[in-house]
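Chemist: This is final.cif (mmCIF, C-alpha atoms and all ligand atoms).
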data_upload
loop_
_atom_site.label_atom_id
_atom_site.label_comp_id
_atom_site.auth_asym_id
_atom_site.auth_seq_id
_atom_site.Cartn_x
_atom_site.Cartn_y
_atom_site.Cartn_z
CA MET A 1 -3.23 -30.97 -19.91
CA LYS A 2 -4.89 -27.76 -18.84
CA PHE A 3 -3.93 -24.50 -20.55
CA PHE A 4 -3.45 -21.44 -18.38
CA LEU A 5 -2.61 -18.08 -19.95
CA ASP A 6 0.53 -16.47 -18.54
CA THR A 7 -0.42 -12.82 -18.82
CA ALA A 8 -2.24 -9.93 -17.19
CA ASN A 9 -3.47 -8.59 -20.52
CA VAL A 10 -7.26 -8.53 -20.39
CA ALA A 11 -7.71 -8.33 -24.17
CA ASP A 12 -5.58 -11.46 -24.71
CA ILE A 13 -7.41 -13.30 -21.93
CA LYS A 14 -10.78 -12.39 -23.45
CA TYR A 15 -9.65 -13.40 -26.96
CA TRP A 16 -8.38 -16.84 -25.97
CA SER A 17 -11.20 -17.45 -23.48
CA ASP A 18 -13.74 -16.86 -26.24
CA MET A 19 -11.99 -19.69 -28.10
CA GLY A 20 -12.54 -21.95 -25.08
CA LEU A 21 -8.86 -22.52 -24.49
CA VAL A 22 -8.26 -20.81 -21.16
CA ASP A 23 -8.56 -23.03 -18.08
CA GLY A 24 -6.91 -20.45 -15.82
CA VAL A 25 -4.52 -17.50 -15.70
CA THR A 26 -1.20 -16.82 -14.01
CA THR A 27 0.13 -13.34 -13.37
CA ASN A 28 3.23 -12.08 -11.63
CA PRO A 29 4.39 -8.60 -10.54
CA SER A 30 6.23 -8.03 -13.84
CA LEU A 31 3.22 -9.01 -15.96
CA ILE A 32 0.96 -6.73 -13.88
CA ALA A 33 3.44 -3.83 -14.14
CA LYS A 34 3.60 -4.27 -17.93
CA GLU A 35 -0.11 -3.44 -18.21
CA GLY A 36 0.36 0.02 -16.57
CA ARG A 37 -3.07 -0.19 -14.96
CA PRO A 38 -4.27 -0.36 -11.31
CA PHE A 39 -3.57 -3.81 -9.85
CA LYS A 40 -7.00 -4.44 -8.33
CA GLU A 41 -8.88 -3.31 -11.43
CA VAL A 42 -6.88 -5.66 -13.68
CA VAL A 43 -7.24 -8.64 -11.34
CA ARG A 44 -10.96 -8.15 -10.94
CA GLU A 45 -11.46 -7.96 -14.71
CA ILE A 46 -9.43 -11.14 -15.25
CA CYS A 47 -11.36 -13.01 -12.56
CA ALA A 48 -14.66 -11.98 -14.14
CA ILE A 49 -13.61 -13.36 -17.55
CA VAL A 50 -12.03 -16.62 -16.41
CA ASP A 51 -13.92 -19.37 -14.58
CA GLY A 52 -10.74 -21.19 -13.56
CA PRO A 53 -8.01 -20.24 -11.08
CA VAL A 54 -6.23 -16.88 -11.40
CA SER A 55 -2.83 -16.67 -9.72
CA VAL A 56 -1.92 -13.35 -8.14
CA GLU A 57 1.43 -12.92 -6.40
CA ALA A 58 2.12 -11.83 -2.84
CA THR A 59 5.18 -9.60 -2.56
CA SER A 60 5.86 -9.61 1.17
CA LEU A 61 8.99 -11.40 2.34
CA GLU A 62 7.96 -12.28 5.89
CA ILE A 63 5.20 -14.59 7.12
CA GLU A 64 2.83 -12.02 8.63
CA GLY A 65 2.92 -9.85 5.52
CA ILE A 66 2.45 -12.85 3.22
CA LEU A 67 -0.53 -14.09 5.23
CA GLN A 68 -2.14 -10.64 5.33
CA GLU A 69 -1.67 -10.15 1.58
CA ALA A 70 -3.05 -13.61 0.86
CA ARG A 71 -6.15 -12.95 2.99
CA ASP A 72 -6.70 -9.53 1.35
CA LEU A 73 -6.13 -10.69 -2.23
CA SER A 74 -8.25 -13.82 -1.90
CA ALA A 75 -11.23 -11.65 -0.91
CA TRP A 76 -11.14 -9.91 -4.33
CA ALA A 77 -12.73 -12.90 -6.15
CA ASP A 78 -13.64 -16.54 -5.58
CA ASN A 79 -11.13 -17.92 -8.08
CA ILE A 80 -7.96 -16.24 -6.80
CA VAL A 81 -4.90 -18.37 -6.08
CA ILE A 82 -2.08 -16.77 -4.11
CA LYS A 83 1.32 -17.12 -5.71
CA ILE A 84 3.97 -17.32 -3.03
CA PRO A 85 7.68 -17.15 -3.84
CA PHE A 86 9.68 -20.19 -2.74
CA ILE A 87 11.37 -18.70 0.31
CA LYS A 88 11.31 -20.12 3.83
CA GLU A 89 8.76 -17.57 5.05
CA GLY A 90 6.61 -18.43 2.04
CA VAL A 91 6.80 -22.16 2.73
CA LYS A 92 5.74 -21.48 6.33
CA ALA A 93 2.65 -19.72 5.01
CA LEU A 94 1.50 -22.65 2.83
CA PRO A 95 -0.07 -24.95 5.48
CA ILE A 96 -1.57 -21.98 7.34
CA LEU A 97 -3.30 -20.74 4.20
CA LYS A 98 -4.41 -24.28 3.37
CA ASP A 99 -6.14 -24.49 6.78
CA GLU A 100 -7.85 -21.20 6.00
CA GLY A 101 -9.12 -22.51 2.64
CA ILE A 102 -6.93 -20.15 0.59
CA SER A 103 -5.40 -21.69 -2.57
CA THR A 104 -1.67 -21.32 -3.11
CA ASN A 105 0.79 -21.55 -5.99
CA SER A 106 4.43 -21.99 -5.00
CA THR A 107 6.33 -19.90 -7.52
CA LEU A 108 9.93 -19.16 -8.49
CA THR A 109 10.74 -22.85 -8.08
CA PHE A 110 13.72 -24.07 -10.04
CA SER A 111 14.53 -27.48 -8.58
CA ALA A 112 12.77 -30.74 -7.79
CA ASN A 113 13.84 -30.40 -4.14
CA GLN A 114 12.12 -27.04 -3.85
CA ALA A 115 8.97 -28.50 -5.42
CA LEU A 116 9.07 -31.51 -3.06
CA ILE A 117 9.17 -29.20 -0.04
CA ALA A 118 6.32 -27.09 -1.42
CA MET A 119 4.22 -30.22 -2.08
CA LYS A 120 4.89 -31.54 1.44
CA ALA A 121 3.86 -28.13 2.82
CA GLY A 122 0.52 -28.56 1.05
CA THR A 123 0.72 -26.13 -1.86
CA ASP A 124 -2.18 -26.48 -4.31
CA TYR A 125 0.02 -25.63 -7.31
CA VAL A 126 3.75 -25.58 -7.91
CA SER A 127 5.32 -23.61 -10.77
CA PRO A 128 8.72 -24.74 -12.04
CA PHE A 129 10.20 -22.02 -14.30
CA ILE A 130 11.39 -23.91 -17.36
CA GLY A 131 12.55 -21.17 -19.74
CA ARG A 132 14.69 -19.44 -17.13
CA LEU A 133 16.47 -22.76 -16.48
CA ASP A 134 16.99 -23.33 -20.20
CA ASP A 135 18.40 -19.78 -20.35
CA ILE A 136 21.25 -20.83 -18.03
CA ALA A 137 21.87 -24.12 -19.86
CA HIS A 138 19.93 -26.41 -17.49
CA TYR A 139 17.20 -28.61 -18.97
CA GLY A 140 14.09 -27.10 -17.38
CA MET A 141 11.90 -29.95 -18.52
CA ASP A 142 14.03 -32.48 -16.59
CA VAL A 143 12.90 -30.72 -13.41
CA VAL A 144 9.26 -31.10 -14.48
CA ALA A 145 9.78 -34.83 -15.10
CA ASP A 146 11.32 -35.25 -11.64
CA ILE A 147 8.51 -33.30 -9.96
CA MET A 148 5.83 -35.36 -11.75
CA ALA A 149 7.57 -38.58 -10.67
CA MET A 150 7.66 -37.39 -7.03
CA LYS A 151 4.03 -36.32 -7.18
CA ASN A 152 2.96 -39.71 -8.55
CA ASN A 153 5.20 -41.74 -6.20
CA TYR A 154 3.66 -40.20 -3.13
CA GLY A 155 0.22 -39.16 -4.33
CA PHE A 156 0.55 -35.43 -3.68
CA ALA A 157 -2.61 -33.53 -4.67
CA THR A 158 -0.52 -30.55 -5.88
CA ARG A 159 -0.96 -29.67 -9.56
CA VAL A 160 2.23 -28.95 -11.47
CA ILE A 161 2.22 -25.82 -13.63
CA VAL A 162 4.92 -25.67 -16.29
CA ALA A 163 5.82 -21.97 -16.24
CA SER A 164 8.26 -19.66 -18.00
CA VAL A 165 7.27 -21.26 -21.29
CA ARG A 166 9.18 -19.87 -24.26
CA HIS A 167 8.04 -21.83 -27.34
CA PRO A 168 5.59 -24.51 -28.59
CA LEU A 169 8.09 -27.33 -28.11
CA HIS A 170 7.90 -26.71 -24.35
CA ILE A 171 4.16 -27.50 -24.52
CA ILE A 172 4.73 -30.77 -26.39
CA GLU A 173 7.40 -31.82 -23.88
CA ALA A 174 5.18 -30.87 -20.92
CA ALA A 175 2.28 -32.88 -22.34
CA ARG A 176 4.54 -35.85 -23.08
CA ILE A 177 5.65 -35.87 -19.44
CA GLY A 178 2.03 -35.56 -18.31
CA ALA A 179 2.35 -32.23 -16.48
CA ASP A 180 -1.00 -31.11 -15.11
CA ILE A 181 -0.93 -27.59 -16.54
CA SER A 182 1.14 -25.39 -18.84
CA THR A 183 0.87 -21.65 -18.40
CA ILE A 184 1.35 -20.23 -21.85
CA PRO A 185 2.16 -16.70 -23.05
CA ALA A 186 -0.34 -15.54 -25.72
CA GLN A 187 2.35 -15.35 -28.41
CA VAL A 188 3.27 -19.01 -27.81
CA LEU A 189 -0.37 -20.09 -27.98
CA GLU A 190 -0.62 -18.20 -31.28
CA LYS A 191 2.38 -20.12 -32.61
CA MET A 192 0.80 -23.46 -31.62
CA PHE A 193 -1.86 -22.84 -34.26
CA MET A 194 0.59 -22.30 -37.09
CA HIS A 195 1.64 -24.76 -39.76
CA PRO A 196 2.62 -23.75 -43.31
CA LEU A 197 1.12 -26.97 -44.71
CA THR A 198 -2.27 -26.00 -43.25
CA ASP A 199 -2.07 -22.61 -45.02
CA LYS A 200 -0.82 -24.16 -48.27
CA GLY A 201 -3.40 -26.97 -48.20
CA LEU A 202 -6.26 -24.57 -47.53
CA GLU A 203 -5.16 -22.26 -50.33
CA SER A 204 -5.07 -25.17 -52.79
CA PHE A 205 -8.43 -26.62 -51.65
CA LEU A 206 -10.11 -23.24 -52.04
CA LYS A 207 -8.52 -22.69 -55.46
CA ASP A 208 -9.73 -26.10 -56.69
CA TRP A 209 -13.14 -25.55 -55.15
CA ARG A 210 -13.63 -22.43 -57.24
CA SER A 211 -13.65 -24.65 -60.39
CA VAL A 212 -16.43 -26.87 -59.03
CA GLU A 213 -19.98 -26.26 -60.13
CA VAL A 214 -22.24 -26.45 -57.06
O1 LIG A 301 4.53 -16.34 -14.53
C1 LIG A 301 5.75 -16.90 -14.25
C2 LIG A 301 6.59 -17.26 -15.43
O2 LIG A 301 5.83 -17.92 -16.38
C3 LIG A 301 7.47 -16.17 -15.95
O3 LIG A 301 8.00 -16.45 -17.21
O4 LIG A 301 9.09 -15.71 -19.28
O5 LIG A 301 9.29 -14.28 -17.23
O6 LIG A 301 10.50 -16.45 -17.39
P1 LIG A 301 9.29 -15.67 -17.79
#
In structure tokens, what does this structure look like?
Modeler:
Amino acid sequence: MKFFLDTANVADIKYWSDMGLVDGVTTNPSLIAKEGRPFKEVVREICAIVDGPVSVEATSLEIEGILQEARDLSAWADNIVIKIPFIKEGVKALPILKDEGISTNSTLTFSANQALIAMKAGTDYVSPFIGRLDDIAHYGMDVVADIMAMKNNYGFATRVIVASVRHPLHIIEAARIGADISTIPAQVLEKMFMHPLTDKGLESFLKDWRSVEV
């Protein structure tokens, strides 16, 4: 399973990229706004750090605006993927952008039916939002399992990004299902490293080692 970082924070992206763990990045308007920096500057810096795909979201709600934004944004760097909200105008844009060679990520998807439509429309990536479904007492990961089954049944080339990840268990469940990608907030990736038995074991090994004559 590929790891994307779900952030627009350049320092976090650099830190985890240096560890070799970042296969791509996803941003959204909220994550960009959180940085308090000019949009283009942030995106360009991220694209220079990361070799893999960097998702940047279009905010227009009608086809012409979405297409124009996608064309403009994709010219900023070679590895830009245009995130398009799952609305009818957005779905209309997917095959057009595919024909133009512009990569797309169908975002704000919350059901397997939405993902099926996006896959049929030729999206390169689809992003089911797991945590936000869990938040309203729906099993987000069930939607991922359904989408992966549909993808495999019909051989769609779309890659499924498990998004809105809240904790390390989401990553285990996504990997168990065989999702293509999880997009992970930095604080969740940090937690994936932690185990008290690792800390305790290391402490005891180092203590014992101090009594050894080398
Ligand atoms: O980038 C999209 C998604 O991962 C947002 O997550 O935590 O705002 O639900 P969240």
Chemist: Kindly provide, as a count of residues only, all nucleotide and amino acid residues lying within 8 Å of ligand LIG 301 (chain A), counting all atoms listed in the file.
Modeler: 22
Chemist: Atom CA of A:Ile84 and atom CA of A:Ser106 are how many Å apart?
Modeler: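 It comes out at 5.1 Å.
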Chemist: Compare A:Pro85, A:Pro95, A:Pro29, A:Pro196 by their minimum atom-to-atom distance to A:Pro128, counting only C-alpha atoms, and give me the closest one.
Modeler: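 Residue with the minimum atom-to-atom distance to A:Pro128: A:Pro85.
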Chemist: Give me, please, the distance in Å between atom CA of A:Val188 and atom CA of A:His167, quoted to one decimal.
Modeler: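 Value for the atom CA of A:Val188-atom CA of A:His167 distance: 5.6 Å.
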Chemist: I want to know what sits within 8 Å of A:Leu94, based on only C-alpha atoms, with residues of the same chain fewer than 6 positions away left out; could you give that as a PyMOL selection string?
Modeler: chain A and resi 104+118+121-123
Chemist: Calculated over all atoms listed in the file, which of the candidates A:Ala33, A:Met141, A:Val50, A:Ile117 has the smallest distance to A:Lys92?
Modeler: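 The answer is A:Ile117, which sits nearest to A:Lys92.
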Chemist: Can you pull out every residue within 8 Å of A:Met1, counting all atoms listed in the file, but drop anything in the same chain fewer than 2 positions away, and send it as an NGL selection string?
Modeler: :A and (3 or 175 or 178-182)
Chemist: Determine, counting all atoms listed in the file, which protein, DNA and RNA residues have an atom within 12 Å of an atom of A:Ile49; residues of the same chain fewer than 2 positions away are not included. Present the result as a PDB file with C-alpha atoms, in the coordinates of the input.
Modeler:
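Resulting contents of part.pdb:
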ATOM      1  CA  ALA A   8      -2.240  -9.930 -17.190  1.00  0.00           C
ATOM      2  CA  ASN A   9      -3.470  -8.590 -20.520  1.00  0.00           C
ATOM      3  CA  VAL A  10      -7.260  -8.530 -20.390  1.00  0.00           C
ATOM      4  CA  ALA A  11      -7.710  -8.330 -24.170  1.00  0.00           C
ATOM      5  CA  ASP A  12      -5.580 -11.460 -24.710  1.00  0.00           C
ATOM      6  CA  ILE A  13      -7.410 -13.300 -21.930  1.00  0.00           C
ATOM      7  CA  LYS A  14     -10.780 -12.390 -23.450  1.00  0.00           C
ATOM      8  CA  TYR A  15      -9.650 -13.400 -26.960  1.00  0.00           C
ATOM      9  CA  TRP A  16      -8.380 -16.840 -25.970  1.00  0.00           C
ATOM     10  CA  SER A  17     -11.200 -17.450 -23.480  1.00  0.00           C
ATOM     11  CA  ASP A  18     -13.740 -16.860 -26.240  1.00  0.00           C
ATOM     12  CA  GLY A  20     -12.540 -21.950 -25.080  1.00  0.00           C
ATOM     13  CA  VAL A  22      -8.260 -20.810 -21.160  1.00  0.00           C
ATOM     14  CA  ASP A  23      -8.560 -23.030 -18.080  1.00  0.00           C
ATOM     15  CA  GLY A  24      -6.910 -20.450 -15.820  1.00  0.00           C
ATOM     16  CA  VAL A  25      -4.520 -17.500 -15.700  1.00  0.00           C
ATOM     17  CA  VAL A  42      -6.880  -5.660 -13.680  1.00  0.00           C
ATOM     18  CA  VAL A  43      -7.240  -8.640 -11.340  1.00  0.00           C
ATOM     19  CA  ARG A  44     -10.960  -8.150 -10.940  1.00  0.00           C
ATOM     20  CA  GLU A  45     -11.460  -7.960 -14.710  1.00  0.00           C
ATOM     21  CA  ILE A  46      -9.430 -11.140 -15.250  1.00  0.00           C
ATOM     22  CA  CYS A  47     -11.360 -13.010 -12.560  1.00  0.00           C
ATOM     23  CA  ASP A  51     -13.920 -19.370 -14.580  1.00  0.00           C
ATOM     24  CA  GLY A  52     -10.740 -21.190 -13.560  1.00  0.00           C
ATOM     25  CA  PRO A  53      -8.010 -20.240 -11.080  1.00  0.00           C
ATOM     26  CA  VAL A  54      -6.230 -16.880 -11.400  1.00  0.00           C
ATOM     27  CA  ALA A  77     -12.730 -12.900  -6.150  1.00  0.00           C
ATOM     28  CA  ASN A  79     -11.130 -17.920  -8.080  1.00  0.00           C
TER      29      ASN A  79
END
Chemist: Mind checking which residues fall within 7 Å of stretch 111-113 of chain A, counting all atoms listed in the file, ignoring those fewer than 4 positions away in the same chain, and posting them as a PyMOL selection string?
Modeler: chain A and resi 117+143+146-147
Chemist: Write out as a list in words each polymer residue whose atoms come within 12 Å of A:Glu62, counting only C-alpha atoms; drop sequence neighbours fewer than 4 positions from it.
Modeler: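 Non-adjacent residues within range: Ala58, Ile66, Leu67, Gln68, Glu69, Ile84, Pro85, Phe86, Ile87, Lys88, Glu89, Gly90, Val91, Lys92 and Ala93 of chain A.
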Chemist: What does the distance from atom CA of A:Asn152 to atom CA of A:Asp135 come to in Å, to one decimal?
Modeler: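 Spanning atom CA of A:Asn152 to atom CA of A:Asp135 is a straight-line distance of 27.8 Å.
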Chemist: With all atoms listed in the file as the atoms that count, which of A:Ile80, A:Ile172, A:Ala70, A:Met148 lies nearest to A:Leu97?
Modeler: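 The shortest atom-to-atom distance to A:Leu97 comes from A:Ala70.
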Chemist: For a cut-off of 6 Å around (8.6, -33.8, -3.0), file coordinates, pick out all residues using only C-alpha atoms and list them as a PyMOL selection string.
Modeler: chain A and resi 115-117+119+150
